[in-house]
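Here is the file work.txt (compact mmCIF, C-alpha atoms and all ligand atoms).
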```
# COMPACT_ATOMS: atom_id res chain seq x y z
CA MET A 4 6.19 -39.76 -46.53
CA LEU A 5 8.33 -39.82 -43.47
CA ILE A 6 7.86 -42.62 -41.01
CA SER A 7 9.29 -45.80 -42.36
CA SER A 8 9.14 -46.10 -46.08
CA GLY A 9 12.00 -43.76 -46.79
CA CYS A 10 10.77 -40.24 -47.52
CA GLN A 11 13.34 -39.20 -50.11
CA SER A 12 12.86 -35.52 -49.44
CA GLN A 13 14.06 -35.95 -45.88
CA LYS A 14 17.37 -37.59 -46.54
CA PRO A 15 20.55 -35.51 -46.31
CA ASP A 16 20.83 -34.03 -49.75
CA GLN A 17 24.02 -34.55 -51.69
CA THR A 18 22.49 -33.78 -55.06
CA SER A 19 21.69 -30.09 -55.02
CA SER A 20 22.38 -29.65 -58.72
CA ARG A 21 21.67 -33.14 -59.90
CA PRO A 22 19.11 -33.35 -62.67
CA ALA A 23 16.15 -35.64 -62.44
CA GLN A 24 17.06 -39.27 -62.83
CA ALA A 25 15.34 -41.99 -64.70
CA PRO A 26 12.72 -43.84 -62.67
CA SER A 27 14.72 -47.04 -63.02
CA ASN A 28 17.37 -45.56 -60.75
CA GLU A 29 14.94 -44.74 -57.98
CA PRO A 30 14.56 -46.89 -54.87
CA PRO A 31 11.51 -49.12 -54.67
CA LEU A 32 8.39 -47.27 -53.57
CA THR A 33 6.88 -49.34 -50.87
CA PRO A 34 9.11 -51.77 -48.96
CA ALA A 35 9.69 -50.42 -45.48
CA LEU A 36 13.07 -50.53 -43.80
CA HIS A 37 11.43 -50.83 -40.41
CA VAL A 38 8.18 -50.06 -38.71
CA PRO A 39 8.44 -47.62 -35.83
CA GLU A 40 6.45 -47.78 -32.69
CA ILE A 41 3.01 -46.40 -33.40
CA ARG A 42 1.19 -44.76 -30.57
CA THR A 43 -2.41 -43.78 -30.66
CA VAL A 44 -2.89 -40.18 -29.74
CA PRO A 45 -6.16 -38.77 -28.40
CA SER A 46 -7.55 -36.10 -30.66
CA GLY A 47 -9.24 -33.96 -28.04
CA PRO A 48 -8.30 -32.37 -24.76
CA LEU A 49 -7.38 -34.58 -21.90
CA PRO A 50 -10.27 -35.48 -19.63
CA VAL A 51 -10.30 -33.47 -16.47
CA PRO A 52 -10.56 -35.59 -13.36
CA GLU A 53 -13.71 -34.82 -11.43
CA ARG A 54 -13.21 -36.28 -7.98
CA VAL A 55 -9.59 -35.50 -7.34
CA PRO A 56 -9.13 -32.04 -5.86
CA ALA A 57 -6.45 -29.77 -7.26
CA ILE A 58 -3.50 -29.32 -4.95
CA PRO A 59 -1.71 -25.94 -4.95
CA MET A 60 2.04 -26.42 -4.98
CA PRO A 61 4.28 -24.53 -2.55
CA LEU A 62 7.32 -22.69 -3.78
CA VAL A 63 10.78 -24.17 -3.58
CA PRO A 64 14.07 -22.33 -3.91
CA ALA A 65 15.12 -21.42 -7.42
CA LEU A 66 17.15 -24.00 -9.25
CA PRO A 67 20.08 -23.33 -11.55
CA VAL A 68 19.07 -21.86 -14.86
CA ALA A 69 20.32 -23.59 -17.98
CA PRO A 70 22.72 -21.61 -20.14
CA LEU A 71 21.23 -20.31 -23.33
CA PRO A 72 22.25 -21.89 -26.62
CA VAL A 73 25.28 -20.40 -28.25
CA PRO A 74 24.24 -17.71 -30.76
CA LEU A 75 24.28 -18.92 -34.31
CA PRO A 76 26.39 -17.24 -36.97
CA SER A 77 25.05 -13.81 -37.86
CA SER A 78 24.54 -12.26 -41.27
CA PRO A 79 23.88 -15.51 -43.11
CA THR A 80 24.38 -15.52 -46.81
CA ASN A 81 23.39 -17.86 -49.51
CA SER A 82 26.77 -19.49 -49.26
CA LEU A 83 25.61 -20.92 -45.94
CA LEU A 84 22.90 -22.74 -47.74
CA ARG A 85 25.01 -24.63 -50.21
CA PHE A 86 26.29 -28.11 -49.84
CA PRO A 87 28.79 -29.49 -48.97
CA SER A 88 30.42 -26.57 -47.20
CA ARG A 89 27.70 -26.27 -44.54
CA ASP A 90 29.23 -28.73 -42.14
CA ALA A 91 32.37 -26.67 -41.87
CA LEU A 92 30.36 -23.54 -41.04
CA THR A 93 28.52 -25.02 -38.09
CA PRO A 94 31.05 -26.92 -35.99
CA PRO A 95 29.72 -28.99 -33.10
CA GLU A 96 29.36 -27.08 -29.85
CA PRO A 97 30.73 -28.29 -26.54
CA ASP A 98 28.27 -29.79 -24.09
CA ARG A 99 26.43 -26.73 -22.77
CA PHE A 100 23.29 -28.49 -21.68
CA PRO A 101 24.02 -30.41 -18.50
CA GLY A 102 21.21 -32.43 -17.00
CA SER A 103 20.88 -30.08 -14.04
CA SER A 104 19.07 -27.36 -15.95
CA TRP A 105 15.65 -27.85 -14.39
CA GLN A 106 13.46 -25.09 -13.06
CA SER A 107 10.64 -24.86 -10.59
CA LEU A 108 7.50 -24.56 -12.69
CA ASN A 109 5.70 -22.51 -10.06
CA ARG A 110 8.54 -20.09 -9.64
CA TRP A 111 8.62 -19.64 -13.42
CA LEU A 112 4.87 -18.94 -13.41
CA ILE A 113 4.85 -16.61 -10.43
CA THR A 114 7.67 -14.44 -11.75
CA ARG A 115 5.32 -13.78 -14.69
CA GLN A 116 2.40 -13.18 -12.34
CA TRP A 117 0.54 -16.14 -13.75
CA PRO A 118 -1.50 -18.54 -11.58
CA ALA A 119 0.27 -21.40 -9.86
CA ALA A 120 0.04 -24.84 -11.43
CA GLN A 121 -2.43 -27.42 -10.18
CA VAL A 122 -1.47 -31.07 -9.90
CA SER A 123 -3.97 -33.90 -10.00
CA THR A 124 -3.56 -37.64 -10.22
CA LEU A 125 -5.93 -40.02 -11.89
CA ALA A 126 -5.28 -43.63 -12.86
CA GLN A 127 -1.62 -43.30 -11.86
CA THR A 128 -1.10 -40.38 -14.23
CA SER A 129 -0.16 -37.08 -12.63
CA ARG A 130 -1.24 -34.12 -14.64
CA VAL A 131 -0.07 -30.56 -14.18
CA ASN A 132 -2.47 -27.88 -15.32
CA LEU A 133 -1.38 -24.29 -15.77
CA THR A 134 -2.84 -21.24 -17.37
CA THR A 135 -1.00 -18.60 -19.36
CA PRO A 136 -2.47 -15.47 -20.96
CA THR A 137 -2.96 -17.24 -24.29
CA GLY A 138 -4.05 -20.68 -23.26
CA ALA A 139 -3.95 -23.65 -20.93
CA TRP A 140 -1.25 -26.29 -20.71
CA THR A 141 -1.59 -29.81 -19.40
CA LEU A 142 1.75 -31.43 -18.68
CA GLN A 143 2.17 -35.02 -17.54
CA LEU A 144 4.80 -36.07 -15.04
CA GLY A 145 7.20 -38.58 -16.59
CA SER A 146 5.93 -37.99 -20.11
CA GLN A 147 6.97 -35.76 -23.00
CA ARG A 148 3.35 -35.60 -24.12
CA ALA A 149 1.76 -32.27 -23.23
CA PHE A 150 -1.32 -30.46 -24.41
CA TRP A 151 -1.73 -26.78 -25.18
CA ASN A 152 -5.37 -25.81 -25.56
CA GLY A 153 -6.01 -29.48 -26.32
CA THR A 154 -3.34 -29.83 -29.03
CA LEU A 155 -0.65 -32.46 -28.52
CA ILE A 156 2.85 -31.05 -28.09
CA GLN A 157 5.87 -33.30 -27.73
CA LEU A 158 8.16 -31.69 -25.15
CA GLY A 159 11.91 -32.04 -25.19
CA PHE A 160 12.07 -33.49 -21.67
CA GLU A 161 9.72 -35.24 -19.27
CA PRO A 162 8.55 -32.97 -16.41
CA ARG A 163 9.61 -34.29 -12.99
CA ALA A 164 8.19 -34.13 -9.49
CA ILE A 165 10.42 -33.22 -6.57
CA LEU A 166 9.05 -32.83 -3.06
CA HIS A 167 5.94 -30.74 -3.63
CA ASP A 168 7.01 -29.03 -6.81
CA VAL A 169 7.20 -29.80 -10.51
CA LEU A 170 10.41 -29.31 -12.41
CA VAL A 171 10.33 -28.47 -16.10
CA HIS A 172 13.45 -28.33 -18.22
CA SER A 173 14.55 -24.80 -19.00
CA LEU A 174 14.65 -25.56 -22.72
CA ASP A 175 10.99 -26.54 -22.66
CA LEU A 176 10.16 -23.33 -20.81
CA GLU A 177 12.17 -21.30 -23.29
CA LYS A 178 11.28 -23.07 -26.53
CA HIS A 179 7.75 -24.29 -25.89
CA LEU A 180 5.89 -22.68 -23.01
CA ALA A 181 7.18 -19.14 -23.33
CA PRO A 182 6.68 -18.74 -27.11
CA LEU A 183 3.08 -19.89 -26.96
CA ALA A 184 2.39 -17.71 -23.96
CA ALA A 185 3.76 -14.75 -25.89
CA THR A 186 2.30 -15.31 -29.34
CA GLY A 187 -0.02 -18.28 -29.11
CA ALA A 188 -3.14 -16.25 -29.83
CA VAL A 189 -1.55 -13.76 -32.17
CA ALA A 190 -2.00 -13.96 -35.92
CA TRP A 191 0.98 -13.88 -38.28
CA THR A 192 2.59 -10.44 -38.17
CA GLY A 193 5.78 -11.04 -40.16
CA SER A 194 6.50 -10.77 -43.86
CA ARG A 195 3.56 -11.99 -45.91
CA ILE A 196 5.82 -13.65 -48.44
CA ILE A 197 5.46 -17.40 -48.09
CA VAL A 198 7.04 -20.39 -49.82
CA LEU A 199 4.95 -23.53 -50.09
CA ASP A 200 6.91 -26.68 -50.83
CA PRO A 201 4.97 -29.61 -52.31
CA GLY A 202 7.04 -32.63 -51.26
CA HIS A 203 8.79 -34.85 -53.81
CA GLY A 204 8.27 -34.53 -57.58
CA GLY A 205 9.51 -35.94 -60.85
CA ALA A 206 11.40 -39.18 -60.38
CA GLN A 207 10.76 -39.01 -56.60
CA PRO A 208 7.09 -39.91 -56.27
CA GLY A 209 7.10 -40.29 -52.47
CA SER A 210 4.56 -42.65 -50.94
CA ARG A 211 1.92 -44.45 -52.94
CA SER A 212 -1.62 -44.68 -51.69
CA ILE A 213 -2.56 -48.14 -50.51
CA THR A 214 -5.94 -47.65 -52.13
CA GLY A 215 -4.69 -47.12 -55.65
CA ASN A 216 -2.10 -45.78 -58.00
CA GLN A 217 -1.92 -42.28 -56.54
CA PHE A 218 1.36 -40.79 -55.45
CA GLU A 219 2.35 -38.42 -52.71
CA LYS A 220 4.06 -36.03 -55.15
CA ASP A 221 0.79 -35.40 -57.01
CA LEU A 222 -1.30 -35.05 -53.87
CA THR A 223 1.11 -32.60 -52.23
CA LEU A 224 1.17 -30.47 -55.40
CA ASP A 225 -2.62 -30.39 -55.49
CA TRP A 226 -2.70 -29.43 -51.80
CA ALA A 227 -0.20 -26.62 -52.37
CA LEU A 228 -2.09 -25.24 -55.38
CA ARG A 229 -5.30 -25.17 -53.37
CA LEU A 230 -3.55 -23.47 -50.47
CA ARG A 231 -1.92 -20.92 -52.80
CA ALA A 232 -5.29 -19.73 -54.04
CA LEU A 233 -6.61 -19.32 -50.52
CA LEU A 234 -3.55 -17.49 -49.24
CA GLN A 235 -3.45 -15.16 -52.23
CA ALA A 236 -7.03 -14.19 -51.45
CA GLN A 237 -5.80 -13.30 -47.94
CA GLY A 238 -3.09 -11.02 -49.30
CA TRP A 239 -0.11 -13.35 -49.16
CA ASP A 240 2.59 -13.31 -51.81
CA VAL A 241 2.81 -17.06 -52.43
CA HIS A 242 5.73 -18.84 -54.08
CA LEU A 243 5.70 -22.57 -54.83
CA THR A 244 8.98 -24.48 -55.05
CA ARG A 245 7.40 -26.41 -57.92
CA THR A 246 4.17 -25.93 -59.80
CA ASN A 247 4.26 -29.13 -61.79
CA ASP A 248 5.81 -32.58 -61.69
CA PHE A 249 9.56 -32.20 -61.68
CA TYR A 250 12.45 -33.16 -59.45
CA MET A 251 13.90 -30.52 -57.15
CA SER A 252 16.65 -31.16 -54.64
CA LEU A 253 16.27 -30.17 -51.01
CA ALA A 254 19.09 -27.63 -51.30
CA GLU A 255 17.36 -26.07 -54.29
CA ARG A 256 14.17 -25.76 -52.26
CA VAL A 257 16.05 -23.97 -49.49
CA ASP A 258 17.81 -21.67 -51.95
CA PHE A 259 14.47 -20.95 -53.61
CA SER A 260 13.16 -19.72 -50.25
CA GLU A 261 16.19 -17.50 -49.82
CA HIS A 262 15.80 -15.93 -53.23
CA SER A 263 12.07 -15.48 -52.69
CA GLY A 264 12.66 -13.45 -49.56
CA ALA A 265 10.16 -15.65 -47.78
CA GLY A 266 9.05 -14.85 -44.25
CA LEU A 267 7.65 -18.35 -43.75
CA PHE A 268 8.31 -21.76 -45.31
CA ILE A 269 5.88 -24.69 -45.23
CA SER A 270 6.70 -28.10 -46.69
CA LEU A 271 3.72 -30.33 -47.44
CA HIS A 272 3.92 -34.13 -47.27
CA PHE A 273 1.82 -37.20 -46.71
CA ASN A 274 2.97 -40.04 -44.52
CA SER A 275 3.39 -43.80 -44.82
CA SER A 276 4.11 -46.60 -42.37
CA PHE A 277 3.73 -49.39 -44.92
CA PRO A 278 3.36 -52.31 -44.43
CA ASN A 279 1.76 -51.19 -41.16
CA GLN A 280 -1.73 -49.99 -42.02
CA GLU A 281 -2.85 -48.82 -38.60
CA ALA A 282 -1.03 -45.52 -38.20
CA GLN A 283 -3.13 -42.48 -38.99
CA GLY A 284 -3.30 -38.79 -38.31
CA ILE A 285 -1.47 -35.54 -38.82
CA GLU A 286 1.90 -34.54 -37.41
CA THR A 287 3.81 -31.29 -37.82
CA TYR A 288 7.59 -30.89 -37.55
CA THR A 289 10.00 -28.09 -36.85
CA THR A 290 13.78 -28.20 -36.47
CA THR A 291 14.85 -29.55 -33.08
CA PRO A 292 16.15 -26.81 -30.77
CA GLN A 293 19.79 -27.10 -29.81
CA GLY A 294 20.16 -29.14 -26.63
CA MET A 295 17.09 -31.34 -27.17
CA ASN A 296 16.85 -34.80 -28.61
CA SER A 297 14.71 -35.16 -31.72
CA HIS A 298 11.39 -36.99 -31.65
CA LEU A 299 12.18 -38.57 -34.98
CA THR A 300 15.68 -39.47 -36.11
CA ARG A 301 15.21 -42.41 -38.45
CA GLU A 302 18.60 -43.80 -39.35
CA TYR A 303 20.41 -40.47 -39.05
CA ALA A 304 22.71 -39.42 -36.23
CA ASP A 305 21.01 -36.83 -34.02
CA ASP A 306 23.50 -34.53 -32.34
CA PRO A 307 21.66 -32.38 -29.76
CA LYS A 308 24.61 -30.07 -29.36
CA ARG A 309 24.77 -29.08 -33.00
CA PRO A 310 22.99 -25.87 -34.09
CA TYR A 311 21.62 -25.19 -37.55
CA PRO A 312 20.67 -21.88 -39.17
CA ASN A 313 16.97 -22.59 -38.68
CA ASN A 314 17.49 -22.71 -34.90
CA ARG A 315 17.50 -18.91 -34.91
CA HIS A 316 13.78 -19.17 -35.54
CA ASP A 317 12.91 -21.92 -33.04
CA GLU A 318 10.24 -19.95 -31.23
CA ALA A 319 8.48 -18.58 -34.31
CA SER A 320 8.63 -21.91 -36.13
CA PHE A 321 7.12 -23.67 -33.15
CA SER A 322 4.39 -21.08 -32.53
CA HIS A 323 3.19 -21.20 -36.12
CA ALA A 324 3.53 -24.96 -36.31
CA VAL A 325 1.20 -25.23 -33.31
CA ARG A 326 -1.23 -22.72 -34.73
CA ILE A 327 -1.34 -24.52 -38.11
CA HIS A 328 -1.41 -27.99 -36.57
CA GLN A 329 -4.26 -27.06 -34.27
CA SER A 330 -6.28 -25.73 -37.19
CA LEU A 331 -5.58 -28.88 -39.23
CA ILE A 332 -6.71 -31.18 -36.43
CA THR A 333 -9.81 -29.13 -35.70
CA ARG A 334 -10.95 -28.79 -39.30
CA SER A 335 -10.09 -32.30 -40.51
CA GLY A 336 -11.03 -34.30 -37.43
CA ALA A 337 -7.89 -36.36 -38.02
CA THR A 338 -5.96 -38.07 -35.23
CA ASP A 339 -3.62 -35.64 -33.50
CA ARG A 340 -0.08 -37.04 -33.67
CA GLY A 341 1.39 -33.86 -32.29
CA VAL A 342 3.82 -31.09 -33.00
CA ARG A 343 7.27 -32.64 -33.00
CA HIS A 344 10.90 -31.89 -33.68
CA ALA A 345 13.34 -33.50 -36.09
CA ARG A 346 16.88 -32.43 -36.83
CA PHE A 347 17.68 -34.37 -39.98
CA MET A 348 15.29 -32.56 -42.31
CA ASP A 349 17.49 -30.64 -44.71
CA VAL A 350 14.54 -28.78 -46.18
CA LEU A 351 13.95 -27.20 -42.75
CA ARG A 352 17.22 -26.97 -40.89
CA TRP A 353 19.00 -24.76 -43.43
CA GLN A 354 16.16 -22.26 -43.67
CA ASN A 355 16.81 -18.67 -42.56
CA ARG A 356 13.18 -18.13 -41.63
CA PRO A 357 10.46 -19.84 -39.59
CA ALA A 358 9.89 -23.19 -41.23
CA LEU A 359 7.70 -26.23 -40.68
CA LEU A 360 6.75 -29.48 -42.35
CA VAL A 361 3.27 -30.97 -42.26
CA GLU A 362 2.61 -34.68 -42.70
CA GLY A 363 -1.05 -34.46 -43.63
CA GLY A 364 -2.04 -38.09 -43.09
CA PHE A 365 -1.07 -41.68 -43.83
CA LEU A 366 -1.40 -43.02 -47.37
CA SER A 367 -0.66 -46.45 -45.88
CA ASN A 368 -3.89 -46.42 -43.85
CA PRO A 369 -6.78 -47.53 -46.09
CA ALA A 370 -9.40 -45.31 -44.46
CA GLU A 371 -7.20 -42.26 -44.31
CA ALA A 372 -5.89 -42.83 -47.83
CA LEU A 373 -9.45 -42.73 -49.12
CA LYS A 374 -9.86 -39.32 -47.54
CA LEU A 375 -6.50 -38.00 -48.73
CA THR A 376 -7.17 -38.97 -52.32
CA ALA A 377 -10.48 -37.08 -52.29
CA PRO A 378 -10.13 -33.47 -53.57
CA ALA A 379 -12.67 -32.17 -51.06
CA TYR A 380 -10.56 -33.39 -48.15
CA ARG A 381 -7.41 -31.82 -49.55
CA GLN A 382 -9.35 -28.57 -49.90
CA LYS A 383 -10.22 -28.91 -46.23
CA LEU A 384 -6.54 -29.34 -45.36
CA ALA A 385 -5.68 -26.27 -47.43
CA ALA A 386 -8.42 -24.23 -45.78
CA ALA A 387 -7.17 -25.24 -42.35
CA ILE A 388 -3.68 -23.88 -43.01
CA ALA A 389 -5.06 -20.72 -44.62
CA GLU A 390 -7.30 -20.17 -41.62
CA ALA A 391 -4.27 -20.31 -39.33
CA LEU A 392 -2.49 -17.70 -41.46
CA ARG A 393 -5.14 -15.03 -41.54
ZN ZN B 401 7.14 -37.10 -48.17
```
Write the structure described by the file as structure tokens, please.
Ligand SMILES: [Zn+2]
Amino acid sequence: MLISSGCQSQKPDQTSSRPAQAPSNEPPLTPALHVPEIRTVPSGPLPVPERVPAIPMPLVPALPVAPLPVPLPSSPTNSLLRFPSRDALTPPEPDRFPGSSWQSLNRWLITRQWPAAQVSTLAQTSRVNLTTPTGAWTLQLGSQRAFWNGTLIQLGFEPRAILHDVLVHSLDLEKHLAPLAATGAVAWTGSRIIVLDPGHGGAQPGSRSITGNQFEKDLTLDWALRLRALLQAQGWDVHLTRTNDFYMSLAERVDFSEHSGAGLFISLHFNSSFPNQEAQGIETYTTTPQGMNSHLTREYADDPKRPYPNNRHDEASFSHAVRIHQSLITRSGATDRGVRHARFMDVLRWQNRPALLVEGGFLSNPAEALKLTAPAYRQKLAAAIAEALR
């Protein structure tokens, strides 16, 4: 659960060693604090306009290049992962991301010897199509919504038009376009030790299905157990943060990953927008790169200048989030809500490895809840992630 009904696993964790509490102390399960804006997202590739000819864009002089993010502390130790001393170890950075850090998209492409972008306009929407060695991007002027091989990606900044060129923020080039161009079609090559994290547990049940008395904590555990079996058959060394119904703090989940020597961390959740019943689909999160605003902040302060340990793995986290998200959307047929960034997720931001969190569907949507509570559908979700990790 994440959107509006108060996903307990996503709140800043002050209880790393706190034992499970009695259910009577837990917050109510369903009342929502607020309902966010829900936007319907197309599940397939954008339609290609047929009657509007593509217009090659001329080059413009190079624009200033944004400074790179300040390197994060090296040689992390477990002490970095423990609350409450973390804040003191990652002091806020000065403003190193001025708004002038835009680059000519075509110059960026041509320096890599890739084809120039093509701009087309249909129904007042200007789309920018470009091809990299591993796939095709469609950007939209004035919109953070972009598509890579048909999968929705939420950019950090809206691409802009200037004269006859398109400007894309250097952080989007560095953190989104470049990583997928480099590794977008490459299977996982890192350590094959993985930690799967079934969200919630024990006295934290997470969301409740609108169709019955089924809780997120049980469904995520079932999903993780199914995925474990599939990944083990593919040669992965799989560790689960919990294998039954008990409470585990977010800090404990991060420390578990550290002690497991994991090369990849995946947290599994299901979503809720209760009392809104319309929202549906799958969304996948990674930690927001330094210098960008988050796509989801909820009630927490989002400081773009502040780095976290997980930011060392921005590119790998994003690449594998896209790969997994794309497989999930393709196999499940669910609505594509995109690959997004959030900075407040403690279970991700303190990880010293590529890490992502999947929200596998909305338990607050009656039709989707029916699917999510069916074992065969959860097997499909597990198979989709395993397929992406071959
Ligand atoms: Zn959750």
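Shell of A:Ser335 at 12 Å, with all atoms listed in the file counted and residues fewer than 3 places along the chain excluded, is Ser46, Gly284, Ile285, Ile327, His328, Gln329, Ser330, Leu331, Ile332, Thr338, Asp339, Gly363, Gly364, Glu371, Lys374, Leu375, Ala379, Tyr380, Arg381, Gln382, Lys383, Leu384, Ala385, Ala386, Ala387 and Ile388 of chain A.
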For stretch 292-299 of chain A, please output as a list in words all residues within 7 Å (counting only C-alpha atoms; exclusion window: fewer than 5 positions along the same chain).
Pro72, Phe100, Gly159, Asp305, Pro307, Lys308, Arg309, Pro310, Asn314, Asp317, Arg343, His344, Ala345 and Arg346 of chain A
Please list as a PyMOL selection string every residue within 10 Å of A:Gly266, counting all atoms listed in the file and excluding residues in the same chain fewer than 2 positions away.
chain A and resi 192-198+260-261+263-264+268+355-358
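Distance check against ligand ZN 401 (chain B) using all atoms listed in the file: of A:Thr223, A:Asn216, A:Gln121, A:Thr137, the minimum falls on A:Thr223.
Atom CA of A:Leu271 is positioned 17.6 Å from atom CA of A:Ser322.
The protein and nucleic acid residues lying at most 9 Å from A:Arg256 are Asp200, Thr244, Arg245, Met251, Ser252, Leu253, Phe259, Ser260, Glu261 and Val350 of chain A, with all atoms listed in the file considered and sequence neighbours fewer than 3 positions away removed.
Distance annotation: of A:Pro182, A:Leu144, A:His242, A:Glu219, the residue with the minimal separation from A:Asp168 is A:Leu144; atom set is all atoms listed in the file.
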Counting only C-alpha atoms, what is within 9 Å of A:Asn132, bar same-chain residues fewer than 3 positions away, as a PDB file with C-alpha atoms, in the frame of the given file?
```
ATOM      1  CA  ALA A 119       0.270 -21.400  -9.860  1.00  0.00           C
ATOM      2  CA  ALA A 120       0.040 -24.840 -11.430  1.00  0.00           C
ATOM      3  CA  GLN A 121      -2.430 -27.420 -10.180  1.00  0.00           C
ATOM      4  CA  VAL A 122      -1.470 -31.070  -9.900  1.00  0.00           C
ATOM      5  CA  SER A 123      -3.970 -33.900 -10.000  1.00  0.00           C
ATOM      6  CA  ALA A 139      -3.950 -23.650 -20.930  1.00  0.00           C
ATOM      7  CA  TRP A 140      -1.250 -26.290 -20.710  1.00  0.00           C
ATOM      8  CA  THR A 141      -1.590 -29.810 -19.400  1.00  0.00           C
ATOM      9  CA  LEU A 142       1.750 -31.430 -18.680  1.00  0.00           C
ATOM     10  CA  GLN A 143       2.170 -35.020 -17.540  1.00  0.00           C
TER      11      GLN A 143
END
```
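Distances here use all atoms listed in the file; by that measure, the residue among A:Val257, A:Ala324, A:Leu230, A:Ala370 closest to A:Pro312 is A:Val257.
Here atom CA of A:Arg148 is placed at a distance of 10.6 Å from atom CA of A:Arg130.
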Counting only C-alpha atoms, I want the residues whose atoms come within 12 Å of (7.7, -15.2, -25.2) in the file frame, returned as a PyMOL selection string.
chain A and resi 115+135-137+176-189+317-319+321-322
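The nearest approach to ligand ZN 401 (chain B) among the residues A:Arg352, A:Pro208, A:Thr246, A:Glu286, with only C-alpha atoms and all ligand atoms taken into account, belongs to A:Pro208.
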Output as a CSV table (one decimal), in the coordinates of the input: stretch 301-318 of chain A, completed with N, CA and C atoms.
```
chain,number,residue,atom,x,y,z
A,301,ARG,N,15.0,-41.4,-37.4
A,301,ARG,CA,15.2,-42.4,-38.4
A,301,ARG,C,16.6,-42.9,-38.3
A,302,GLU,N,17.3,-43.2,-39.4
A,302,GLU,CA,18.6,-43.8,-39.4
A,302,GLU,C,19.7,-42.8,-39.3
A,303,TYR,N,19.4,-41.5,-39.0
A,303,TYR,CA,20.4,-40.5,-39.0
A,303,TYR,C,20.9,-40.1,-37.6
A,304,ALA,N,22.2,-39.8,-37.5
A,304,ALA,CA,22.7,-39.4,-36.2
A,304,ALA,C,22.1,-38.1,-35.8
A,305,ASP,N,21.7,-38.0,-34.6
A,305,ASP,CA,21.0,-36.8,-34.0
A,305,ASP,C,21.9,-36.2,-33.0
A,306,ASP,N,22.6,-35.1,-33.3
A,306,ASP,CA,23.5,-34.5,-32.3
A,306,ASP,C,22.8,-33.3,-31.7
A,307,PRO,N,22.4,-33.5,-30.4
A,307,PRO,CA,21.7,-32.4,-29.8
A,307,PRO,C,22.5,-31.1,-29.6
A,308,LYS,N,23.8,-31.2,-29.6
A,308,LYS,CA,24.6,-30.1,-29.4
A,308,LYS,C,24.8,-29.2,-30.6
A,309,ARG,N,24.5,-29.8,-31.8
A,309,ARG,CA,24.8,-29.1,-33.0
A,309,ARG,C,23.7,-28.1,-33.4
A,310,PRO,N,24.0,-26.8,-33.6
A,310,PRO,CA,23.0,-25.9,-34.1
A,310,PRO,C,22.9,-25.8,-35.6
A,311,TYR,N,21.8,-25.4,-36.1
A,311,TYR,CA,21.6,-25.2,-37.6
A,311,TYR,C,21.1,-23.8,-37.7
A,312,PRO,N,21.2,-23.2,-38.9
A,312,PRO,CA,20.7,-21.9,-39.2
A,312,PRO,C,19.2,-21.7,-38.8
A,313,ASN,N,18.4,-22.7,-39.0
A,313,ASN,CA,17.0,-22.6,-38.7
A,313,ASN,C,16.7,-22.5,-37.2
A,314,ASN,N,17.7,-22.8,-36.3
A,314,ASN,CA,17.5,-22.7,-34.9
A,314,ASN,C,17.3,-21.3,-34.4
A,315,ARG,N,17.7,-20.3,-35.3
A,315,ARG,CA,17.5,-18.9,-34.9
A,315,ARG,C,16.0,-18.6,-34.8
A,316,HIS,N,15.2,-19.4,-35.4
A,316,HIS,CA,13.8,-19.2,-35.5
A,316,HIS,C,13.0,-20.2,-34.8
A,317,ASP,N,13.6,-20.9,-33.8
A,317,ASP,CA,12.9,-21.9,-33.0
A,317,ASP,C,11.5,-21.5,-32.6
A,318,GLU,N,11.5,-20.4,-31.9
A,318,GLU,CA,10.2,-20.0,-31.2
A,318,GLU,C,9.1,-19.6,-32.2
```
